[in-house]
>>> print(open('coords.cif').read())   # mmCIF, C-alpha atoms
data_work
#
loop_
_atom_site.label_atom_id
_atom_site.label_comp_id
_atom_site.auth_asym_id
_atom_site.auth_seq_id
_atom_site.Cartn_x
_atom_site.Cartn_y
_atom_site.Cartn_z
CA MET J 1 26.03 106.40 134.71
CA ASN J 2 24.68 107.83 131.47
CA SER J 3 21.26 109.03 130.35
CA GLN J 4 20.51 105.55 129.00
CA TYR J 5 20.61 104.22 132.54
CA PHE J 6 18.14 106.81 133.80
CA VAL J 7 15.77 106.13 130.93
CA ASN J 8 15.97 102.47 131.87
CA LEU J 9 15.11 103.31 135.51
CA LEU J 10 12.16 105.41 134.37
CA ILE J 11 10.85 102.55 132.25
CA ILE J 12 11.16 100.15 135.20
CA ALA J 13 9.29 102.61 137.44
CA ILE J 14 6.42 103.26 135.02
CA SER J 15 5.91 99.62 134.16
CA ALA J 16 5.99 98.58 137.83
CA ALA J 17 3.58 101.28 138.99
CA PHE J 18 1.05 101.32 136.15
CA ILE J 19 1.45 98.73 133.40
CA ASN J 20 2.04 95.73 135.63
CA ASN J 21 0.18 97.19 138.60
CA VAL J 22 0.84 94.93 141.55
CA VAL J 23 -2.80 94.36 142.53
CA LEU J 24 -4.74 95.00 139.36
CA SER J 25 -2.66 92.96 136.97
CA GLN J 26 -0.39 90.74 139.08
CA PHE J 27 -2.90 89.98 141.88
CA LEU J 28 -0.40 90.37 144.71
CA GLY J 29 -1.60 91.80 148.02
CA ILE J 30 -5.26 91.21 147.17
CA CYS J 31 -6.22 90.55 150.81
CA SER J 32 -5.25 93.98 152.07
CA PHE J 33 -6.42 95.61 148.83
CA LEU J 34 -9.97 94.32 149.35
CA GLY J 35 -9.94 94.29 153.15
CA ILE J 36 -8.52 97.67 154.15
CA SER J 37 -10.14 99.82 151.49
CA ASN J 38 -13.22 100.98 153.39
CA LYS J 39 -11.92 104.46 154.07
CA ILE J 40 -9.40 106.65 152.25
CA LYS J 41 -7.60 107.44 155.50
CA THR J 42 -6.84 103.85 156.47
CA ALA J 43 -6.19 102.89 152.86
CA SER J 44 -3.53 105.57 152.47
CA GLY J 45 -1.99 104.60 155.84
CA MET J 46 -1.69 101.02 154.61
CA GLY J 47 -0.33 102.23 151.27
CA PHE J 48 2.44 104.29 152.88
CA ALA J 49 3.36 101.44 155.22
CA VAL J 50 3.66 99.16 152.19
CA ILE J 51 5.89 101.68 150.40
CA PHE J 52 8.12 101.86 153.47
CA VAL J 53 8.43 98.09 153.94
CA ILE J 54 8.76 97.11 150.26
CA THR J 55 11.46 99.71 149.56
CA LEU J 56 13.42 98.61 152.63
CA SER J 57 13.03 94.90 151.89
CA SER J 58 14.04 95.44 148.23
CA ILE J 59 17.29 97.02 149.39
CA ILE J 60 18.10 94.32 151.94
CA CYS J 61 17.01 91.32 149.85
CA SER J 62 18.97 92.46 146.81
CA LEU J 63 22.07 93.20 148.93
CA ILE J 64 21.91 89.73 150.48
CA TYR J 65 21.27 88.07 147.13
CA ASP J 66 24.13 89.87 145.36
CA PHE J 67 26.74 89.63 148.11
CA ILE J 68 25.92 86.40 149.96
CA LEU J 69 23.74 84.02 147.96
CA LEU J 70 25.26 84.54 144.49
CA PRO J 71 28.96 84.27 145.46
CA MET J 72 28.22 81.11 147.46
CA ASP J 73 26.07 79.47 144.76
CA LEU J 74 23.05 79.39 147.03
CA GLU J 75 20.49 80.97 144.66
CA TYR J 76 18.07 78.10 145.26
CA LEU J 77 17.68 79.18 148.88
CA LYS J 78 16.25 82.55 147.88
CA THR J 79 12.62 81.82 148.83
CA ILE J 80 13.55 80.66 152.33
CA VAL J 81 16.04 83.48 152.92
CA PHE J 82 13.74 86.22 151.61
CA ILE J 83 10.71 85.22 153.66
CA ILE J 84 12.79 85.07 156.83
CA ILE J 85 14.35 88.46 156.07
CA ILE J 86 10.94 90.00 155.47
CA ALA J 87 9.38 88.54 158.62
CA ALA J 88 12.33 89.67 160.75
CA LEU J 89 12.51 93.07 159.04
CA VAL J 90 8.88 93.89 159.73
CA GLN J 91 9.29 93.03 163.42
CA LEU J 92 12.47 95.07 163.63
CA VAL J 93 10.97 98.10 161.88
CA GLU J 94 7.99 97.94 164.21
CA MET J 95 10.25 97.91 167.28
CA VAL J 96 12.52 100.67 165.98
CA ILE J 97 9.83 103.15 165.01
CA LYS J 98 7.88 102.40 168.19
CA LYS J 99 10.92 103.47 170.21
CA TYR J 100 12.21 106.38 168.14
CA SER J 101 9.23 107.83 166.35
CA PRO J 102 5.91 107.46 168.18
CA ALA J 103 4.21 109.75 165.65
CA LEU J 104 5.21 107.51 162.76
CA TYR J 105 4.22 104.47 164.81
CA ASP J 106 0.74 105.90 165.35
CA ALA J 107 0.39 106.39 161.61
CA LEU J 108 1.82 103.09 160.36
CA GLY J 109 2.01 100.82 163.41
CA VAL J 110 -1.30 99.02 163.01
CA TYR J 111 -0.50 98.08 159.44
CA LEU J 112 3.02 96.74 159.94
CA PRO J 113 2.13 93.26 161.26
CA LEU J 114 -0.25 92.78 158.33
CA ILE J 115 2.50 93.37 155.85
CA THR J 116 4.48 90.23 156.70
CA THR J 117 1.85 88.11 155.03
CA ASN J 118 1.28 90.55 152.18
CA CYS J 119 2.51 88.54 149.21
CA ALA J 120 3.47 91.73 147.37
CA VAL J 121 6.58 92.10 149.57
CA LEU J 122 7.96 88.64 148.78
CA GLY J 123 6.70 89.00 145.21
CA VAL J 124 8.73 92.17 144.59
CA ALA J 125 11.89 90.62 146.08
CA LEU J 126 11.51 87.62 143.76
CA ILE J 127 10.71 89.75 140.69
CA ASN J 128 13.87 91.81 141.34
CA VAL J 129 15.97 88.65 141.31
CA GLU J 130 14.18 87.09 138.36
CA ASN J 131 14.75 90.16 136.17
CA GLY J 132 18.38 90.39 137.21
CA PHE J 133 17.97 93.93 138.55
CA ASP J 134 20.99 95.56 140.22
CA ILE J 135 20.57 97.31 143.55
CA VAL J 136 19.48 100.71 142.23
CA GLU J 137 17.04 99.07 139.82
CA SER J 138 15.66 96.92 142.65
CA ILE J 139 15.04 99.96 144.84
CA VAL J 140 13.31 101.82 142.01
CA ASN J 141 11.23 98.75 141.14
CA GLY J 142 10.27 98.19 144.80
CA PHE J 143 9.32 101.80 145.40
CA ALA J 144 7.34 102.07 142.16
CA THR J 145 5.49 98.79 142.75
CA ALA J 146 4.47 99.96 146.21
CA ALA J 147 3.45 103.36 144.83
CA GLY J 148 1.23 101.49 142.36
CA PHE J 149 -0.32 99.68 145.33
CA LEU J 150 -0.95 103.01 147.09
CA VAL J 151 -2.65 104.47 144.00
CA ALA J 152 -4.85 101.40 143.50
CA ILE J 153 -5.95 101.06 147.14
CA VAL J 154 -6.67 104.79 147.57
CA VAL J 155 -8.72 104.92 144.35
CA LEU J 156 -10.68 101.84 145.42
CA ALA J 157 -11.29 103.33 148.88
CA GLY J 158 -12.48 106.58 147.29
CA ILE J 159 -14.97 104.74 145.13
CA ARG J 160 -16.17 102.60 148.05
CA GLU J 161 -16.74 105.68 150.22
CA ARG J 162 -18.92 107.12 147.48
CA MET J 163 -20.81 103.86 147.03
CA GLU J 164 -21.68 103.59 150.69
CA HIS J 165 -25.04 105.32 150.32
CA ASN J 166 -25.94 103.84 146.96
CA ASP J 167 -28.79 101.41 146.61
CA ILE J 168 -27.11 98.19 145.53
CA THR J 169 -28.87 94.90 144.74
CA VAL J 170 -28.87 92.76 147.88
CA SER J 171 -26.78 89.95 146.37
CA PHE J 172 -24.06 92.36 145.30
CA ARG J 173 -23.68 94.22 148.60
CA GLY J 174 -20.29 94.09 150.26
CA PHE J 175 -17.70 91.82 148.71
CA PRO J 176 -19.14 91.28 145.18
CA ILE J 177 -19.58 94.99 144.38
CA THR J 178 -16.04 95.69 145.59
CA LEU J 179 -14.80 93.06 143.14
CA VAL J 180 -16.88 94.56 140.32
CA THR J 181 -15.27 97.92 141.12
CA ALA J 182 -11.87 96.25 140.98
CA THR J 183 -12.83 94.75 137.59
CA LEU J 184 -13.54 98.20 136.16
CA MET J 185 -10.33 99.58 137.67
CA ALA J 186 -8.35 96.71 136.16
CA MET J 187 -9.88 97.51 132.76
CA ALA J 188 -8.91 101.16 133.14
CA PHE J 189 -5.34 100.20 134.05
CA TYR J 190 -5.30 98.00 130.97
CA GLY J 191 -5.14 101.23 129.01
CA PHE J 192 -1.56 101.74 130.18
CA ALA J 193 -0.51 98.54 128.39
CA GLY J 194 1.06 100.17 125.32
CA LEU J 195 2.83 102.92 127.24
CA VAL J 196 6.38 101.58 127.19
CA MET G 1 -11.28 55.02 159.07
CA SER G 2 -14.33 57.27 158.87
CA LYS G 3 -12.32 59.95 160.68
CA TYR G 4 -9.88 60.07 157.77
CA PHE G 5 -12.65 60.09 155.20
CA GLU G 6 -14.35 62.92 157.09
CA ARG G 7 -11.13 65.01 156.73
CA LEU G 8 -11.19 64.50 152.95
CA SER G 9 -14.82 65.52 152.51
CA ASN G 10 -14.32 68.41 154.93
CA GLY G 11 -11.60 69.90 152.70
CA LEU G 12 -13.41 69.16 149.46
CA PHE G 13 -16.87 70.40 150.40
CA LYS G 14 -17.71 71.50 153.93
CA GLU G 15 -14.74 73.84 154.40
CA ASN G 16 -13.64 74.26 150.80
CA PRO G 17 -10.81 76.82 151.06
CA ILE G 18 -11.91 78.90 148.07
CA PHE G 19 -15.68 78.56 147.81
CA ILE G 20 -16.48 78.54 151.53
CA LEU G 21 -13.52 79.99 153.45
CA MET G 22 -12.37 82.50 150.80
CA LEU G 23 -8.71 81.90 151.59
CA GLY G 24 -5.85 82.32 149.14
CA MET G 25 -7.42 84.94 146.90
CA CYS G 26 -4.15 85.84 145.15
CA PRO G 27 -3.57 82.49 143.38
CA THR G 28 -7.32 82.12 142.82
CA LEU G 29 -7.31 85.28 140.74
CA ALA G 30 -3.86 84.97 139.21
CA VAL G 31 -3.47 81.44 137.88
CA THR G 32 -6.99 80.57 136.74
CA THR G 33 -6.37 81.83 133.20
CA SER G 34 -6.57 78.23 131.97
CA ALA G 35 -7.60 74.87 133.38
CA THR G 36 -4.06 73.53 132.89
CA ASN G 37 -2.48 76.33 134.93
CA ALA G 38 -5.14 75.86 137.59
CA ILE G 39 -4.43 72.16 137.97
CA GLY G 40 -0.65 72.77 138.08
CA MET G 41 -1.03 75.36 140.82
CA GLY G 42 -3.61 73.27 142.69
CA LEU G 43 -1.49 70.12 142.77
CA SER G 44 1.71 72.01 143.72
CA THR G 45 -0.16 73.60 146.61
CA THR G 46 -1.57 70.19 147.60
CA VAL G 47 1.92 68.70 147.79
CA VAL G 48 3.19 71.65 149.87
CA LEU G 49 0.16 71.46 152.13
CA LEU G 50 0.33 67.76 152.87
CA ALA G 51 4.12 67.72 153.31
CA SER G 52 4.15 70.69 155.70
CA ASN G 53 1.13 69.30 157.57
CA VAL G 54 2.92 65.96 158.07
CA ILE G 55 6.23 67.56 159.13
CA ILE G 56 4.60 69.98 161.57
CA ALA G 57 2.35 67.26 163.01
CA ALA G 58 5.37 65.01 163.54
CA LEU G 59 7.32 67.81 165.24
CA ARG G 60 4.40 69.36 167.12
CA LYS G 61 5.59 68.15 170.55
CA PHE G 62 9.10 69.54 170.03
CA ILE G 63 8.24 73.03 168.80
CA PRO G 64 8.11 75.61 171.62
CA ASP G 65 4.87 77.53 171.42
CA LYS G 66 6.45 81.00 171.53
CA VAL G 67 8.65 80.56 168.48
CA ARG G 68 6.31 78.37 166.47
CA MET G 69 5.84 80.89 163.62
CA PRO G 70 9.52 80.98 162.53
CA TYR G 71 9.52 77.15 162.63
CA TYR G 72 6.46 77.02 160.39
CA ILE G 73 7.93 79.57 158.00
CA VAL G 74 11.16 77.60 157.60
CA VAL G 75 9.35 74.27 157.11
CA VAL G 76 6.86 75.65 154.59
CA ALA G 77 9.52 77.61 152.69
CA SER G 78 11.76 74.52 152.47
CA VAL G 79 8.93 72.37 151.13
CA VAL G 80 8.03 75.06 148.59
CA THR G 81 11.66 75.22 147.44
CA ILE G 82 11.72 71.43 146.96
CA VAL G 83 8.48 71.54 144.93
CA GLU G 84 9.82 74.44 142.86
CA LEU G 85 13.03 72.55 142.04
CA LEU G 86 11.07 69.38 141.16
CA LEU G 87 8.78 71.36 138.83
CA LYS G 88 11.80 72.99 137.20
CA ALA G 89 13.35 69.57 136.59
CA TYR G 90 10.33 67.54 135.46
CA PHE G 91 7.59 69.98 134.37
CA PRO G 92 9.46 73.01 132.98
CA SER G 93 6.46 74.22 130.97
CA ILE G 94 4.20 74.40 134.05
CA ASN G 95 6.96 76.12 136.00
CA GLU G 96 7.35 78.63 133.17
CA SER G 97 3.67 79.52 133.00
CA LEU G 98 3.17 79.78 136.77
CA GLY G 99 6.35 81.82 137.29
CA ILE G 100 6.68 83.56 140.64
CA TYR G 101 3.34 82.19 141.88
CA ILE G 102 5.10 78.91 142.75
CA PRO G 103 7.52 80.45 145.32
CA LEU G 104 4.62 82.63 146.50
CA ILE G 105 2.85 79.49 147.78
CA VAL G 106 4.89 80.26 150.93
CA VAL G 107 2.62 83.19 151.78
CA ASN G 108 -0.61 81.44 150.80
CA CYS G 109 -2.79 81.72 153.90
CA ILE G 110 -4.30 78.25 153.34
CA ILE G 111 -0.94 76.67 154.20
CA PHE G 112 -0.35 78.60 157.42
CA GLY G 113 -4.03 78.35 158.24
CA ARG G 114 -4.03 74.54 158.16
CA VAL G 115 -0.63 74.16 159.80
CA GLU G 116 -1.57 76.46 162.67
CA ALA G 117 -5.19 75.39 163.07
CA TYR G 118 -4.92 71.65 162.43
CA ALA G 119 -1.49 70.05 162.08
CA ALA G 120 -0.13 71.69 165.24
CA LYS G 121 -2.80 69.91 167.30
CA ASN G 122 -3.46 66.59 165.56
CA SER G 123 -1.78 63.29 164.71
CA VAL G 124 0.37 62.74 161.63
CA GLY G 125 -2.20 60.49 159.91
CA LEU G 126 -5.12 62.88 160.38
CA SER G 127 -2.97 65.86 159.33
CA LEU G 128 -1.95 64.00 156.16
CA PHE G 129 -5.57 63.43 155.19
CA ASP G 130 -6.47 67.00 156.17
CA GLY G 131 -3.71 68.24 153.82
CA ILE G 132 -4.92 66.01 150.98
CA GLY G 133 -8.56 67.04 151.49
CA MET G 134 -7.83 70.78 151.67
CA GLY G 135 -5.40 70.57 148.74
CA LEU G 136 -7.85 68.70 146.54
CA GLY G 137 -10.63 71.10 147.53
CA PHE G 138 -8.38 73.99 146.50
CA THR G 139 -7.44 72.23 143.24
CA MET G 140 -11.08 71.45 142.42
CA ALA G 141 -12.15 75.07 142.96
CA LEU G 142 -9.24 76.43 140.90
CA VAL G 143 -9.96 74.01 138.04
CA LEU G 144 -13.67 74.93 138.00
CA ILE G 145 -12.90 78.66 137.88
CA GLY G 146 -10.05 78.10 135.39
CA SER G 147 -12.21 75.98 133.05
CA PHE G 148 -14.97 78.58 133.14
CA ARG G 149 -12.60 81.43 132.28
CA GLU G 150 -10.84 79.40 129.58
CA LEU G 151 -14.15 78.31 128.05
CA LEU G 152 -15.46 81.86 127.69
CA GLY G 153 -12.12 83.54 127.05
CA ALA G 154 -10.62 81.12 124.55
CA GLY G 155 -13.37 78.62 123.71
CA THR G 156 -11.26 75.73 125.00
CA VAL G 157 -10.95 73.61 128.15
CA PHE G 158 -7.56 72.05 128.95
CA GLY G 159 -6.49 73.33 125.51
CA LEU G 160 -9.16 71.29 123.69
CA GLN G 161 -11.63 73.12 121.45
CA VAL G 162 -15.08 72.90 123.05
CA MET G 163 -17.06 75.80 121.65
CA PRO G 164 -18.18 75.69 117.98
CA ASN G 165 -16.07 77.63 115.50
CA SER G 166 -18.72 80.34 115.23
CA PHE G 167 -18.06 81.28 118.89
CA GLU G 168 -16.10 84.49 119.21
CA PRO G 169 -13.90 84.19 122.37
CA ILE G 170 -14.54 86.92 124.96
CA SER G 171 -10.86 87.46 125.59
CA ILE G 172 -11.38 89.73 128.62
CA PHE G 173 -12.14 86.59 130.65
CA VAL G 174 -8.58 85.31 130.35
CA GLN G 175 -7.14 88.75 131.11
CA ALA G 176 -6.75 90.42 134.49
CA PRO G 177 -10.18 92.13 134.73
CA GLY G 178 -11.92 88.83 133.96
CA ALA G 179 -10.48 87.28 137.12
CA PHE G 180 -12.11 89.91 139.33
CA LEU G 181 -15.36 89.70 137.37
CA VAL G 182 -15.68 85.90 137.64
CA VAL G 183 -15.06 85.89 141.41
CA ALA G 184 -17.48 88.85 141.82
CA MET G 185 -20.21 86.92 140.01
CA LEU G 186 -19.41 83.76 141.96
CA THR G 187 -19.76 85.46 145.35
CA ALA G 188 -22.89 87.35 144.22
CA LEU G 189 -24.38 84.01 143.17
CA GLN G 190 -23.53 82.52 146.56
CA ASN G 191 -25.30 85.44 148.23
CA LYS G 192 -28.31 85.11 145.95
CA LEU G 193 -28.70 81.37 146.53
CA LYS G 194 -27.85 81.80 150.23
CA LEU G 195 -25.01 79.31 149.94
CA PRO G 196 -22.54 79.22 152.80
CA SER G 197 -19.56 81.49 152.21
CA ALA G 198 -17.28 83.55 154.42
CA THR G 199 -18.12 86.63 152.34
CA ASN G 200 -21.73 86.70 153.47
CA GLY G 201 -20.97 85.72 157.01
CA SER G 202 -22.86 82.43 156.79
CA GLY G 203 -19.89 80.26 156.00
CA LYS G 204 -17.86 78.51 158.63
CA LYS G 205 -15.06 80.75 159.84
CA SER G 206 -11.70 79.14 159.61
CA ALA G 207 -10.08 78.26 162.91
CA LEU G 208 -7.26 80.76 162.31
CA SER G 209 -6.77 83.14 165.18
CA CYS G 210 -7.66 86.12 163.01
CA GLY G 211 -10.70 84.34 161.60
CA GLY G 212 -8.77 83.65 158.43
CA ASP G 213 -11.32 85.48 156.35
CA CYS G 214 -8.88 87.50 154.26
CA ALA G 215 -11.54 88.95 152.04
CA ASN G 216 -13.45 90.53 154.91
CA CYS G 217 -10.49 91.44 157.00
CA ASN G 218 -10.28 95.03 158.13
CA GLU G 219 -8.41 97.19 160.55
CA ASP G 220 -10.66 96.27 163.47
CA THR G 221 -10.17 92.52 163.12
CA TYR G 222 -6.45 93.04 162.81
CA THR G 223 -6.33 95.32 165.83
CA ALA G 224 -8.45 92.94 167.86
CA TYR G 225 -6.17 90.08 166.88
CA HIS G 226 -3.13 92.12 167.72
CA GLU G 227 -4.48 93.30 171.05
CA GLY G 228 -5.16 89.64 171.87
CA ASP G 229 -1.52 88.91 171.18
CA LYS G 230 -0.37 91.65 173.50
CA ASN G 231 -2.71 90.49 176.26
CA ASN G 232 -1.31 87.00 175.96
CA GLU G 233 2.21 88.35 176.17
CA ALA G 234 1.30 90.36 179.25
CA LYS G 235 -0.23 87.25 180.81
CA GLY G 236 2.87 85.26 179.97
CA LYS G 237 5.04 87.81 181.74
CA GLY G 238 2.68 87.93 184.72
CA GLU G 239 3.17 84.24 185.29
#
>>> encode(input="coords.cif", output="structure tokens")
Amino acid sequence: MNSQYFVNLLIIAISAAFINNVVLSQFLGICSFLGISNKIKTASGMGFAVIFVITLSSIICSLIYDFILLPMDLEYLKTIVFIIIIAALVQLVEMVIKKYSPALYDALGVYLPLITTNCAVLGVALINVENGFDIVESIVNGFATAAGFLVAIVVLAGIRERMEHNDITVSFRGFPITLVTATLMAMAFYGFAGLV
Amino acid sequence: MSKYFERLSNGLFKENPIFILMLGMCPTLAVTTSATNAIGMGLSTTVVLLASNVIIAALRKFIPDKVRMPYYIVVVASVVTIVELLLKAYFPSINESLGIYIPLIVVNCIIFGRVEAYAAKNSVGLSLFDGIGMGLGFTMALVLIGSFRELLGAGTVFGLQVMPNSFEPISIFVQAPGAFLVVAMLTALQNKLKLPSATNGSGKKSALSCGGDCANCNEDTYTAYHEGDKNNEAKGKGE
């Protein structure tokens, strides 16, 4: 544990959240990014639920990979194992917070079932393994990736709320203009490219 | 025989997963940086789709309805792992350039969509042709988008120089923002020409329980879908 290690963690966090933003440059979780970005309130709810689930699944997937799959030479099963863990985890989290924290369930509950099929969750678990991250690095990477998702979806929702009363060409109304907005956001995030 | 042919043309044209149903947006945006990547991704997905369709169709009478989702997940994930290992062994360069998008075929909604909506209810033969049709429709759409982006962004198609030397490549088209821009223009064009597409509500909705229209999905559709689930559960208990 020296300062070098913390600098390394900081680099992982910044590149996961901004430089390789999960939606705007890696195209993971596009469905919820485009679908649930009508209002800032719902967008931020979805964003926080994603942070919660991705951080938790990063911890569990990397524990299972390091302590079960690697010692038993079963790395090739990672896709199957991870998707099952994620599907089960989301169900479990939903049940647990429904029972113990109704307030949290009201805030995040609706979004939890959607997250199983959000490819960002499986994507982060696989990226952690591919880069050979240890457990602390995996947690930082997972949290930062999800935070990047939150930033992107809230910004998009903010812009869409403002655009609601604009006069947009008929052909571009709805889906196309949202994608054009995403184009401009992706260009803006491109500016982070030389940061690390 | 015409039944089988109908499945092929259905996947290629009438219910094309990308142009009409707007399913699987993530790979559509991510791997269309070149025509070669697009065809690699398209064919891998086709293999996964037809293999999981055939397996699920063959097992459809043995899978209990209540736990069907875990079954599907395991079957699809196993097929994806096999495809990934085959690519690693025989086409390492494609595997390298597609990276984590190959294992992510598991969460591609086209696969679950077809397995749930078609293979779980139809014979093995029909499901096989449905998988081939949908897979080729997906491949065709990816290759068209990929060729377009590669042509403008690098002046080549499948790595071959097409544009004259005086053409200055517009490199933004092969970078991340270009992906959003091309799909934005595509859907705007579909709206303009009043072509069927899920994004303007005129396209055929997929038979998925949630409508399958990822691009237009919002909280209400999700909630409605989820409420439906709970009602079914309640009914199940009532019986």
>>> interface_residues(input="coords.cif", of="chain J", to="chain G", cutoff="6 Å", atoms="only C-alpha atoms", output="short mmCIF file (atom, residue, chain, number, x, y, z; two decimals) with C-alpha atoms, in the frame of the given file")
data_model
loop_
_atom_site.label_atom_id
_atom_site.label_comp_id
_atom_site.auth_asym_id
_atom_site.auth_seq_id
_atom_site.Cartn_x
_atom_site.Cartn_y
_atom_site.Cartn_z
CA SER J 25 -2.66 92.96 136.97
CA PHE J 27 -2.90 89.98 141.88
CA LEU J 28 -0.40 90.37 144.71
CA ILE J 30 -5.26 91.21 147.17
CA CYS J 31 -6.22 90.55 150.81
CA GLY J 35 -9.94 94.29 153.15
CA ILE J 36 -8.52 97.67 154.15
CA ILE J 80 13.55 80.66 152.33
CA THR J 117 1.85 88.11 155.03
CA CYS J 119 2.51 88.54 149.21
CA SER J 171 -26.78 89.95 146.37
CA PHE J 172 -24.06 92.36 145.30
CA PRO J 176 -19.14 91.28 145.18
CA LEU J 179 -14.80 93.06 143.14
CA VAL J 180 -16.88 94.56 140.32
CA THR J 183 -12.83 94.75 137.59
CA ALA J 186 -8.35 96.71 136.16
CA MET J 187 -9.88 97.51 132.76
#
>>> atom_distance(input="coords.cif", atom1="CA of Lys14 in chain G", atom2="CA of Leu126 in chain G")
16.6 Å
>>> residues_around(input="coords.cif", residues="range 129-143 of chain G", least_positions_apart="4", cutoff="7 Å", atoms="all atoms listed in the file", output="PyMOL selection string")
chain G and resi 4+7-13+16-19+28+32+35+38-39+42-43+45-46+49-50+53+125+147
>>> closest_residue(input="coords.cif", among="J:Leu89, J:Ile19, J:Met163, J:Leu150", to="Phe192 in chain J", atoms="all atoms listed in the file")
J:Ile19
>>> atom_distance(input="coords.cif", atom1="CA of Leu56 in chain J", atom2="CA of Asn38 in chain J")
26.8 Å
>>> atom_distance(input="coords.cif", atom1="CA of Gly146 in chain G", atom2="CA of Ile94 in chain G")
14.8 Å
>>> resolve_selection(input="coords.cif", expression="the PyMOL selection byres ((chain J and resi 139) around 6)", output="list in words")
Thr55, Ser58, Ile59, Val136, Glu137, Ser138, Val140, Asn141 and Gly142 of chain J
>>> write_last_selection(input="coords.cif", atoms="C-alpha atoms", output="compact mmCIF listing (two decimals), in the frame of the given file")
# COMPACT_ATOMS: atom_id res chain seq x y z
CA THR J 55 11.46 99.71 149.56
CA SER J 58 14.04 95.44 148.23
CA ILE J 59 17.29 97.02 149.39
CA VAL J 136 19.48 100.71 142.23
CA GLU J 137 17.04 99.07 139.82
CA SER J 138 15.66 96.92 142.65
CA VAL J 140 13.31 101.82 142.01
CA ASN J 141 11.23 98.75 141.14
CA GLY J 142 10.27 98.19 144.80
>>> resolve_selection(input="coords.cif", expression="the PyMOL selection byres ((chain J and resi 92) around 12)", output="PyMOL selection string")
chain J and resi 53+56-57+85-91+93-99+109+112-113+116
>>> residues_near_point(input="coords.cif", point="(-5.0, 96.9, 141.0)", cutoff="8 Å", atoms="only C-alpha atoms", output="number ranges by chain")
J: 21-27, 148-149, 152-153, 182, 185-186, 189
>>> closest_residue(input="coords.cif", among="J:Thr178, J:Ser101, J:Thr145, J:Ser62", to="Val129 in chain J", atoms="all atoms listed in the file")
J:Ser62
>>> closest_residue(input="coords.cif", among="J:His165, J:Gly174, J:Ala125, J:Asp134", to="Ile54 in chain J", atoms="all atoms listed in the file")
J:Ala125
>>> resolve_selection(input="coords.cif", expression="the PyMOL selection byres ((chain G and resi 54) around 8)", output="PyMOL selection string")
chain G and resi 50-53+55-58+119+124-125+127-128
>>> closest_residue(input="coords.cif", among="J:Ala43, J:Ala157, J:Leu74, J:Ile83", to="Ala107 in chain J", atoms="only C-alpha atoms")
J:Ala43
>>> residues_around(input="coords.cif", residues="range 149-163 of chain G", least_positions_apart="5", cutoff="6 Å", atoms="all atoms listed in the file", output="JSON, numbers by chain")
{"G": [34, 35, 36, 169, 170, 171, 173, 174]}
>>> decode(input="coords.cif", residues="range 160-189 of chain J", atoms="C-alpha atoms", output="short mmCIF file (atom, residue, chain, number, x, y, z; two decimals), in the first residue's frame")
data_model
loop_
_atom_site.label_atom_id
_atom_site.label_comp_id
_atom_site.auth_asym_id
_atom_site.auth_seq_id
_atom_site.Cartn_x
_atom_site.Cartn_y
_atom_site.Cartn_z
CA ARG J 160 -34.14 16.39 -23.21
CA GLU J 161 -36.25 18.22 -20.61
CA ARG J 162 -35.11 21.51 -22.11
CA MET J 163 -35.79 20.33 -25.65
CA GLU J 164 -39.34 19.31 -24.88
CA HIS J 165 -40.84 22.63 -25.94
CA ASN J 166 -38.52 23.25 -28.87
CA ASP J 167 -39.80 23.20 -32.40
CA ILE J 168 -38.01 20.24 -33.96
CA THR J 169 -38.34 19.09 -37.58
CA VAL J 170 -41.00 16.37 -37.74
CA SER J 171 -38.63 13.64 -38.95
CA PHE J 172 -36.23 14.26 -36.08
CA ARG J 173 -38.78 14.26 -33.25
CA GLY J 174 -38.33 11.63 -30.56
CA PHE J 175 -35.65 9.04 -31.12
CA PRO J 176 -33.47 10.72 -33.81
CA ILE J 177 -33.00 14.00 -31.92
CA THR J 178 -32.08 12.07 -28.77
CA LEU J 179 -29.38 10.30 -30.76
CA VAL J 180 -28.13 13.60 -32.20
CA THR J 181 -27.89 14.89 -28.62
CA ALA J 182 -25.94 11.77 -27.70
CA THR J 183 -23.64 12.42 -30.68
CA LEU J 184 -22.78 15.88 -29.39
CA MET J 185 -22.29 14.55 -25.86
CA ALA J 186 -19.98 11.84 -27.18
CA MET J 187 -17.95 14.51 -28.98
CA ALA J 188 -17.70 16.53 -25.77
CA PHE J 189 -16.54 13.46 -23.83
#
